[in-house]
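To be precise, the following lines are data27.tsv, and they hold TSV, C-alpha atoms.
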```tsv
chain	number	residue	atom	x	y	z
A	1	MET	CA	0.00	0.00	0.00
A	2	SER	CA	2.94	2.34	0.70
A	3	GLY	CA	4.35	1.73	-2.84
A	4	SER	CA	1.04	2.53	-4.49
A	5	SER	CA	0.67	5.70	-2.44
A	6	ASN	CA	4.12	6.96	-3.62
A	7	PHE	CA	3.26	6.46	-7.36
A	8	ARG	CA	2.31	9.69	-9.11
A	9	PRO	CA	0.72	9.87	-12.60
A	10	PRO	CA	2.60	11.86	-15.27
A	11	ALA	CA	1.58	15.36	-16.15
A	12	GLU	CA	-0.91	15.94	-18.93
A	13	ASP	CA	1.66	17.61	-21.23
A	14	ALA	CA	4.45	15.10	-20.55
A	15	TRP	CA	3.88	13.28	-23.84
A	16	VAL	CA	4.33	16.54	-25.73
A	17	HIS	CA	7.71	17.05	-24.13
A	18	THR	CA	8.72	13.46	-24.88
A	19	TYR	CA	7.57	13.78	-28.52
A	20	GLN	CA	9.57	16.97	-29.03
A	21	THR	CA	12.63	15.29	-27.52
A	22	LEU	CA	12.46	12.16	-29.71
A	23	LEU	CA	11.37	13.87	-32.94
A	24	PRO	CA	14.90	14.98	-34.09
A	25	GLN	CA	16.26	11.48	-33.46
A	26	TRP	CA	13.43	9.93	-35.47
A	27	GLN	CA	13.97	12.32	-38.37
A	28	SER	CA	17.71	11.65	-38.46
A	29	LEU	CA	17.04	7.90	-38.40
A	30	SER	CA	14.54	8.12	-41.29
A	31	HIS	CA	16.94	10.24	-43.34
A	32	SER	CA	19.77	7.79	-42.72
A	33	ARG	CA	17.64	4.98	-44.06
A	34	GLN	CA	16.92	6.90	-47.25
A	35	SER	CA	20.45	8.16	-47.82
A	36	ILE	CA	21.97	7.31	-51.20
A	37	ILE	CA	24.81	4.81	-51.07
A	38	PRO	CA	27.37	5.68	-53.76
A	39	ILE	CA	27.82	2.75	-56.13
A	40	SER	CA	30.13	2.33	-59.09
A	41	ILE	CA	28.97	0.35	-62.12
A	42	SER	CA	31.65	-0.94	-64.47
A	43	ARG	CA	31.74	1.16	-67.63
A	44	VAL	CA	33.12	-1.82	-69.57
A	45	ASN	CA	30.09	-3.91	-68.62
A	46	GLN	CA	27.72	-1.20	-69.83
A	47	PHE	CA	29.53	-0.80	-73.15
A	48	ASP	CA	29.68	-4.57	-73.60
A	49	ALA	CA	25.95	-4.84	-72.94
A	50	GLY	CA	25.24	-2.42	-75.79
A	51	ARG	CA	27.61	-4.27	-78.10
A	52	LEU	CA	26.01	-7.61	-77.30
A	53	ASP	CA	22.56	-6.21	-78.04
A	54	ILE	CA	23.80	-5.03	-81.43
A	55	GLU	CA	25.24	-8.47	-82.17
A	56	MET	CA	22.01	-10.14	-81.08
A	57	SER	CA	20.00	-7.91	-83.41
A	58	ALA	CA	22.40	-8.70	-86.27
A	59	MET	CA	22.01	-12.45	-85.64
A	60	LEU	CA	18.22	-12.19	-85.69
A	61	LYS	CA	18.38	-10.15	-88.88
A	62	GLU	CA	20.63	-12.73	-90.54
A	63	GLN	CA	18.24	-15.55	-89.69
A	64	LEU	CA	15.26	-13.55	-90.89
A	65	VAL	CA	16.97	-12.73	-94.20
A	66	LYS	CA	17.64	-16.45	-94.77
A	67	VAL	CA	13.90	-17.08	-94.62
A	68	PHE	CA	13.44	-14.86	-97.70
A	69	SER	CA	16.55	-16.11	-99.50
A	70	LEU	CA	14.50	-17.93	-102.17
A	71	MET	CA	12.44	-14.88	-103.02
A	72	LYS	CA	13.27	-12.10	-105.46
A	73	PRO	CA	16.84	-10.85	-104.94
A	74	GLY	CA	17.04	-7.39	-103.45
A	75	MET	CA	13.44	-7.39	-102.28
A	76	LEU	CA	14.39	-6.89	-98.63
A	77	PHE	CA	16.88	-4.16	-99.44
A	78	GLN	CA	14.19	-1.52	-99.88
A	79	TYR	CA	12.56	-2.60	-96.61
A	80	GLU	CA	15.75	-2.79	-94.56
A	81	ALA	CA	14.74	0.11	-92.28
A	82	GLU	CA	11.39	-1.55	-91.51
A	83	LEU	CA	13.13	-4.86	-90.84
A	84	ASP	CA	15.56	-3.26	-88.36
A	85	ALA	CA	12.71	-1.45	-86.61
A	86	PHE	CA	10.69	-4.67	-86.36
A	87	LEU	CA	13.58	-6.55	-84.75
A	88	GLU	CA	14.27	-3.72	-82.32
A	89	PHE	CA	10.58	-3.68	-81.38
A	90	LEU	CA	10.61	-7.43	-80.72
A	91	ILE	CA	13.62	-7.10	-78.43
A	92	TRP	CA	11.96	-4.21	-76.58
A	93	ARG	CA	8.60	-6.00	-76.32
A	94	PHE	CA	9.97	-9.17	-74.73
A	95	SER	CA	12.56	-7.52	-72.49
A	96	ILE	CA	12.06	-3.96	-71.28
A	97	TRP	CA	8.27	-3.90	-71.59
A	98	VAL	CA	7.92	-6.93	-69.28
A	99	ASP	CA	10.47	-5.58	-66.75
A	100	LYS	CA	13.28	-7.80	-68.00
A	101	PRO	CA	16.74	-6.78	-69.22
A	102	THR	CA	17.76	-7.10	-72.84
A	103	PRO	CA	19.96	-10.11	-73.71
A	104	GLY	CA	23.18	-8.07	-73.58
A	105	ILE	CA	22.23	-6.35	-70.33
A	106	ALA	CA	21.29	-9.70	-68.76
A	107	LEU	CA	24.65	-11.24	-69.70
A	108	MET	CA	26.44	-8.34	-67.99
A	109	ASN	CA	24.32	-8.77	-64.80
A	110	LEU	CA	22.68	-5.37	-65.25
A	111	ARG	CA	19.17	-3.95	-65.17
A	112	TYR	CA	17.47	-0.58	-65.63
A	113	ARG	CA	16.60	1.44	-62.53
A	114	ASN	CA	14.40	4.52	-62.38
A	115	GLU	CA	16.57	7.24	-60.85
A	116	ARG	CA	13.61	9.59	-60.44
A	117	ALA	CA	12.02	7.33	-57.82
A	118	LEU	CA	15.12	7.01	-55.62
A	119	GLU	CA	14.00	9.67	-53.14
A	120	ALA	CA	10.83	7.74	-52.28
A	121	ARG	CA	12.48	4.38	-51.76
A	122	GLY	CA	12.65	2.46	-48.50
A	123	LYS	CA	15.53	1.02	-46.53
A	124	VAL	CA	18.87	0.87	-48.32
A	125	ARG	CA	21.15	-2.13	-48.00
A	126	THR	CA	23.45	-2.35	-51.04
A	127	GLY	CA	22.70	0.80	-53.04
A	128	LEU	CA	21.28	-1.29	-55.90
A	129	GLU	CA	17.69	-1.12	-54.70
A	130	GLY	CA	15.17	0.85	-56.62
A	131	PRO	CA	12.14	0.35	-58.85
A	132	GLY	CA	12.33	-0.42	-62.51
A	133	LEU	CA	11.13	1.79	-65.31
A	134	THR	CA	7.59	3.11	-65.32
A	135	VAL	CA	5.14	2.50	-68.14
A	136	ALA	CA	5.72	6.02	-69.46
A	137	GLN	CA	9.49	5.52	-69.47
A	138	LYS	CA	9.13	2.20	-71.31
A	139	LEU	CA	6.92	3.77	-73.97
A	140	TRP	CA	9.24	6.73	-74.46
A	141	TYR	CA	12.17	4.34	-74.67
A	142	CYS	CA	10.41	2.47	-77.49
A	143	VAL	CA	9.51	5.71	-79.28
A	144	ALA	CA	13.10	6.98	-79.11
A	145	THR	CA	14.99	3.78	-79.93
A	146	VAL	CA	12.61	2.13	-82.40
A	147	GLY	CA	10.51	4.94	-83.85
A	148	GLY	CA	13.18	7.63	-83.75
A	149	GLN	CA	15.83	5.57	-85.48
A	150	TYR	CA	13.36	4.36	-88.11
A	151	ILE	CA	12.10	7.85	-88.93
A	152	TRP	CA	15.61	9.25	-89.11
A	153	ALA	CA	16.84	6.43	-91.38
A	154	ARG	CA	13.87	6.87	-93.72
A	155	LEU	CA	14.30	10.65	-93.76
A	156	GLN	CA	17.96	10.37	-94.71
A	157	SER	CA	17.32	7.82	-97.46
A	158	PHE	CA	14.42	9.87	-98.87
A	159	SER	CA	16.43	13.10	-98.87
A	160	ALA	CA	19.39	11.38	-100.54
A	161	PHE	CA	17.14	9.79	-103.18
A	162	ARG	CA	15.45	13.12	-103.93
A	163	ARG	CA	18.85	14.88	-103.95
A	164	TRP	CA	17.87	17.62	-101.57
A	165	GLY	CA	21.50	18.52	-101.14
A	166	ASP	CA	22.06	19.48	-104.80
A	167	SER	CA	22.45	23.15	-105.48
A	168	GLU	CA	19.97	22.97	-108.38
A	169	GLN	CA	17.12	21.98	-106.08
A	170	ARG	CA	14.48	24.39	-104.83
A	171	SER	CA	15.23	26.56	-101.84
A	172	VAL	CA	12.78	24.61	-99.64
A	173	ALA	CA	14.45	21.24	-100.34
A	174	ARG	CA	17.90	22.76	-99.95
A	175	GLY	CA	16.91	24.32	-96.63
A	176	ALA	CA	15.48	21.02	-95.38
A	177	TRP	CA	18.74	19.29	-96.28
A	178	ILE	CA	20.77	21.90	-94.39
A	179	LEU	CA	18.42	21.54	-91.40
A	180	ILE	CA	18.88	17.76	-91.38
A	181	GLN	CA	22.65	18.13	-91.48
A	182	ARG	CA	22.60	20.61	-88.60
A	183	ILE	CA	20.36	18.39	-86.49
A	184	GLU	CA	22.67	15.46	-87.12
A	185	GLY	CA	25.70	17.55	-86.18
A	186	LEU	CA	24.08	18.75	-82.96
A	187	TYR	CA	23.08	15.20	-82.05
A	188	LYS	CA	26.62	13.93	-82.63
A	189	ALA	CA	28.06	16.77	-80.54
A	190	ALA	CA	25.59	16.06	-77.73
A	191	SER	CA	26.39	12.34	-77.92
A	192	PHE	CA	30.09	13.09	-77.66
A	193	GLY	CA	29.50	15.28	-74.62
A	194	ASN	CA	27.35	12.57	-73.05
A	195	LEU	CA	30.15	10.07	-73.69
A	196	LEU	CA	32.62	12.25	-71.80
A	197	LEU	CA	30.17	12.54	-68.89
A	198	PHE	CA	29.62	8.80	-68.93
A	199	LEU	CA	33.35	8.10	-68.78
A	200	TYR	CA	33.64	10.50	-65.84
A	201	THR	CA	30.57	9.51	-63.81
A	202	GLY	CA	29.71	6.02	-65.12
A	203	ARG	CA	26.02	6.89	-65.65
A	204	TYR	CA	23.82	6.94	-68.76
A	205	ARG	CA	25.51	5.50	-71.84
A	206	ASN	CA	23.46	7.53	-74.30
A	207	LEU	CA	21.20	10.56	-74.48
A	208	ILE	CA	18.02	8.47	-74.30
A	209	GLU	CA	18.96	6.97	-70.94
A	210	ARG	CA	19.97	10.39	-69.62
A	211	ALA	CA	16.69	11.99	-70.71
A	212	LEU	CA	14.61	9.18	-69.19
A	213	LYS	CA	16.78	8.90	-66.05
A	214	ALA	CA	17.12	5.17	-66.71
A	215	ARG	CA	20.36	4.03	-65.12
A	216	LEU	CA	22.02	0.64	-65.48
A	217	VAL	CA	22.81	-1.00	-62.14
A	218	TYR	CA	23.78	-4.50	-61.15
A	219	GLY	CA	20.90	-6.93	-61.06
A	220	SER	CA	22.44	-9.01	-58.29
A	221	PRO	CA	25.24	-7.75	-56.02
A	222	ASN	CA	26.72	-11.25	-55.63
A	223	MET	CA	26.69	-12.31	-59.29
A	224	ASN	CA	29.55	-12.00	-61.73
A	225	ARG	CA	29.23	-11.11	-65.41
A	226	ALA	CA	28.30	-14.05	-67.62
A	227	VAL	CA	30.97	-13.26	-70.23
A	228	SER	CA	34.49	-13.77	-68.91
A	229	PHE	CA	37.22	-11.22	-69.58
A	230	GLU	CA	39.48	-14.07	-70.72
A	231	TYR	CA	37.34	-14.83	-73.76
A	232	MET	CA	36.95	-11.15	-74.54
A	233	ASN	CA	40.72	-10.60	-74.43
A	234	ARG	CA	41.21	-13.60	-76.70
A	235	GLN	CA	38.64	-12.23	-79.13
A	236	LEU	CA	40.33	-8.82	-79.13
A	237	VAL	CA	43.74	-10.40	-79.83
A	238	TRP	CA	42.43	-12.45	-82.75
A	239	ASN	CA	40.59	-9.45	-84.19
A	240	GLU	CA	43.72	-7.31	-84.10
A	241	PHE	CA	45.82	-10.16	-85.54
A	242	SER	CA	43.40	-10.70	-88.43
A	243	GLU	CA	43.31	-6.99	-89.19
A	244	MET	CA	47.11	-6.90	-89.24
A	245	LEU	CA	47.20	-9.84	-91.68
A	246	LEU	CA	44.64	-8.15	-93.93
A	247	LEU	CA	46.89	-5.12	-93.98
A	248	LEU	CA	50.19	-6.95	-94.62
A	249	LEU	CA	49.20	-9.77	-96.99
A	250	PRO	CA	48.43	-7.53	-100.00
A	251	LEU	CA	51.94	-6.07	-99.65
A	252	LEU	CA	53.57	-9.50	-100.00
A	253	ASN	CA	53.81	-11.82	-103.02
A	254	SER	CA	55.14	-15.31	-103.60
A	255	SER	CA	58.14	-14.22	-105.64
A	256	SER	CA	59.44	-11.83	-103.01
A	257	MET	CA	59.03	-14.45	-100.29
A	258	LYS	CA	60.91	-17.02	-102.40
A	259	ASN	CA	63.74	-14.60	-103.06
A	260	LEU	CA	63.89	-13.85	-99.35
A	261	LEU	CA	64.11	-17.54	-98.42
A	262	ARG	CA	66.34	-18.61	-101.32
A	263	PRO	CA	69.66	-18.02	-99.46
A	264	PHE	CA	68.49	-20.41	-96.74
A	265	SER	CA	67.64	-23.29	-99.11
A	266	LYS	CA	69.74	-26.46	-98.75
A	267	ASP	CA	69.95	-27.84	-102.32
A	268	LYS	CA	71.08	-24.92	-104.47
A	269	SER	CA	73.02	-26.64	-107.30
A	270	SER	CA	70.26	-29.02	-108.40
A	271	SER	CA	67.50	-26.44	-108.16
A	272	SER	CA	69.44	-23.79	-110.15
A	273	LYS	CA	69.56	-26.01	-113.27
A	274	GLU	CA	65.87	-26.83	-113.06
A	275	ASP	CA	64.95	-23.18	-112.56
A	276	ASP	CA	66.52	-22.27	-115.92
A	277	PHE	CA	63.92	-24.38	-117.76
A	278	THR	CA	60.83	-23.58	-115.65
A	279	CYS	CA	58.74	-20.48	-115.25
A	280	PRO	CA	59.44	-18.96	-111.80
A	281	ILE	CA	55.79	-17.97	-111.44
A	282	CYS	CA	53.87	-21.15	-112.30
A	283	GLN	CA	56.83	-23.54	-111.79
A	284	ALA	CA	56.09	-25.30	-115.10
A	285	SER	CA	57.81	-25.52	-118.46
A	286	PRO	CA	56.87	-22.40	-120.46
A	287	THR	CA	54.49	-23.20	-123.33
A	288	VAL	CA	55.09	-19.80	-124.95
A	289	PRO	CA	58.49	-18.81	-123.55
A	290	PHE	CA	59.43	-15.17	-123.25
A	291	LEU	CA	62.55	-13.52	-121.84
A	292	ALA	CA	62.45	-10.83	-119.21
A	293	LEU	CA	64.70	-7.92	-120.12
A	294	PRO	CA	67.36	-7.11	-119.18
A	295	CYS	CA	67.98	-10.17	-116.94
A	296	GLN	CA	67.18	-12.74	-119.74
A	297	HIS	CA	65.25	-15.14	-117.46
A	298	ARG	CA	62.58	-17.32	-119.05
A	299	TYR	CA	58.87	-16.95	-118.24
A	300	CYS	CA	55.56	-18.04	-119.61
A	301	TYR	CA	54.13	-15.27	-121.75
A	302	TYR	CA	50.83	-15.17	-119.89
A	303	CYS	CA	52.47	-15.30	-116.44
A	304	LEU	CA	54.88	-12.48	-117.23
A	305	ARG	CA	52.29	-10.41	-119.04
A	306	THR	CA	49.73	-10.56	-116.24
A	307	ARG	CA	52.31	-9.78	-113.54
A	308	CYS	CA	53.68	-6.78	-115.45
A	309	ALA	CA	50.16	-5.52	-116.05
A	310	ALA	CA	49.19	-5.91	-112.39
A	311	VAL	CA	52.43	-4.49	-110.96
A	312	PRO	CA	54.04	-1.77	-113.13
A	313	ALA	CA	57.33	-2.03	-111.20
A	314	PHE	CA	57.43	-5.83	-111.27
A	315	ARG	CA	60.83	-7.36	-110.45
A	316	CYS	CA	62.22	-10.64	-111.66
A	317	SER	CA	61.35	-13.50	-109.33
A	318	ARG	CA	64.88	-14.93	-109.63
A	319	CYS	CA	67.25	-11.99	-109.55
A	320	ASN	CA	64.93	-9.29	-108.18
A	321	GLU	CA	65.92	-6.96	-111.03
A	322	PRO	CA	63.30	-4.58	-112.44
A	323	ILE	CA	61.74	-5.83	-115.70
A	324	VAL	CA	61.55	-3.10	-118.32
A	325	ALA	CA	60.53	-5.19	-121.36
A	326	MET	CA	59.85	-8.74	-122.57
A	327	GLN	CA	61.04	-10.62	-125.66
A	328	ARG	CA	60.16	-13.96	-127.23
A	329	HIS	CA	62.71	-16.74	-126.67
A	330	VAL	CA	64.18	-17.32	-130.20
A	331	ASN	CA	66.23	-20.42	-129.28
A	332	GLU	CA	63.06	-22.40	-128.61
A	333	PRO	CA	62.45	-24.87	-131.50
A	334	LYS	CA	59.35	-24.07	-133.49
A	335	GLN	CA	56.60	-26.68	-133.57
```

How would this structure read if it were set down as structure tokens?
Amino acid sequence: MSGSSNFRPPAEDAWVHTYQTLLPQWQSLSHSRQSIIPISISRVNQFDAGRLDIEMSAMLKEQLVKVFSLMKPGMLFQYEAELDAFLEFLIWRFSIWVDKPTPGIALMNLRYRNERALEARGKVRTGLEGPGLTVAQKLWYCVATVGGQYIWARLQSFSAFRRWGDSEQRSVARGAWILIQRIEGLYKAASFGNLLLFLYTGRYRNLIERALKARLVYGSPNMNRAVSFEYMNRQLVWNEFSEMLLLLLPLLNSSSMKNLLRPFSKDKSSSSKEDDFTCPICQASPTVPFLALPCQHRYCYYCLRTRCAAVPAFRCSRCNEPIVAMQRHVNEPKQ
């Protein structure tokens, strides 16, 4: 009874004082939950995702063209812009429209996130949380990527076919051509500026993503990219090697390589006698023998004629001396 007599009820305004005391702590706690965690998305992954999407579209286009291979040749050429737009629409319809990443984005473990809705999100754990694109963003993405590219391609082909850029055209057509060129120049300049910003910040690969605030983030924080860097490095090495061969092979010919390797041959005495009676180009006995002047080496007429016509400064395949003329071999018995 003594304990109950010492208990006093709180004052009527005590809860107001307690609320005012705890309110700043509650606000700081709520703001800390909604704070943005800085994340860094690999720029290489984002570029690779775009490249893979382009390759996927090219593969689908190749398969679709094979379906019409037995039809009239060149029929699909005039509808190439429509075909590209149709394939881009299919990729958009079965990926972005249904809240799924495109094939290239999925292989790079990425997805689109709506950056405009980040302020209203809930508790943050990894910095990758956030809603996907809204319906309006998806539709504008389709209009810009599919419809915009199709309209621009058709406008360029129509203006080139009508020759709007010729000086003899009317002032209206000439002005439209100049306007198209200026719009294209401004778009390229803006794309270049966006590329510099992307390399600096790692956000928004192109102008469409920047305008829609659609950012690529990792789909799963604990998942690696599906395409290994090892295979990509190997592909880059082979591409560079093949390009180098395509550059160097036209500069080489069989005769120059043989002259280069001739000092290293083992059997020189036996081969020298046989070489006097064979054409150094086709390695056969000349049917219509001709002499290369001034070195007097025997060739087939057709071999020597075609080489001299193809290479004006053609050198003899045996002595590497410039050939200035050709003469029929008179010592050959007539048939």

Q.
Set the distance at 12 Å and use only C-alpha atoms: which residues neighbour stretch 140-155 of chain A once local chain neighbours fewer than 6 positions away are removed? I'd like the list as a ChimeraX atom specification.
A. /A:78-97,112,133-134,161-164,176-177,179-181,183-184,187,206-214

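The space between atom CA of A:Gly132 and atom CA of A:Asp99 spans 6.9 Å.
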
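Minimum distance to A:Cys303 across A:Pro280, A:Pro322, A:Pro24, A:Gly165 (counting all atoms listed in the file) occurs at A:Pro280.
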
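Of note, atom CA of A:Cys319 and atom CA of A:Gln296 are spaced 10.2 Å apart.
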
(Q) One number please: atom CA of A:Val217 to atom CA of A:Leu128, in Å, one decimal. (A)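 Separation between atom CA of A:Val217 and atom CA of A:Leu128: 6.4 Å.
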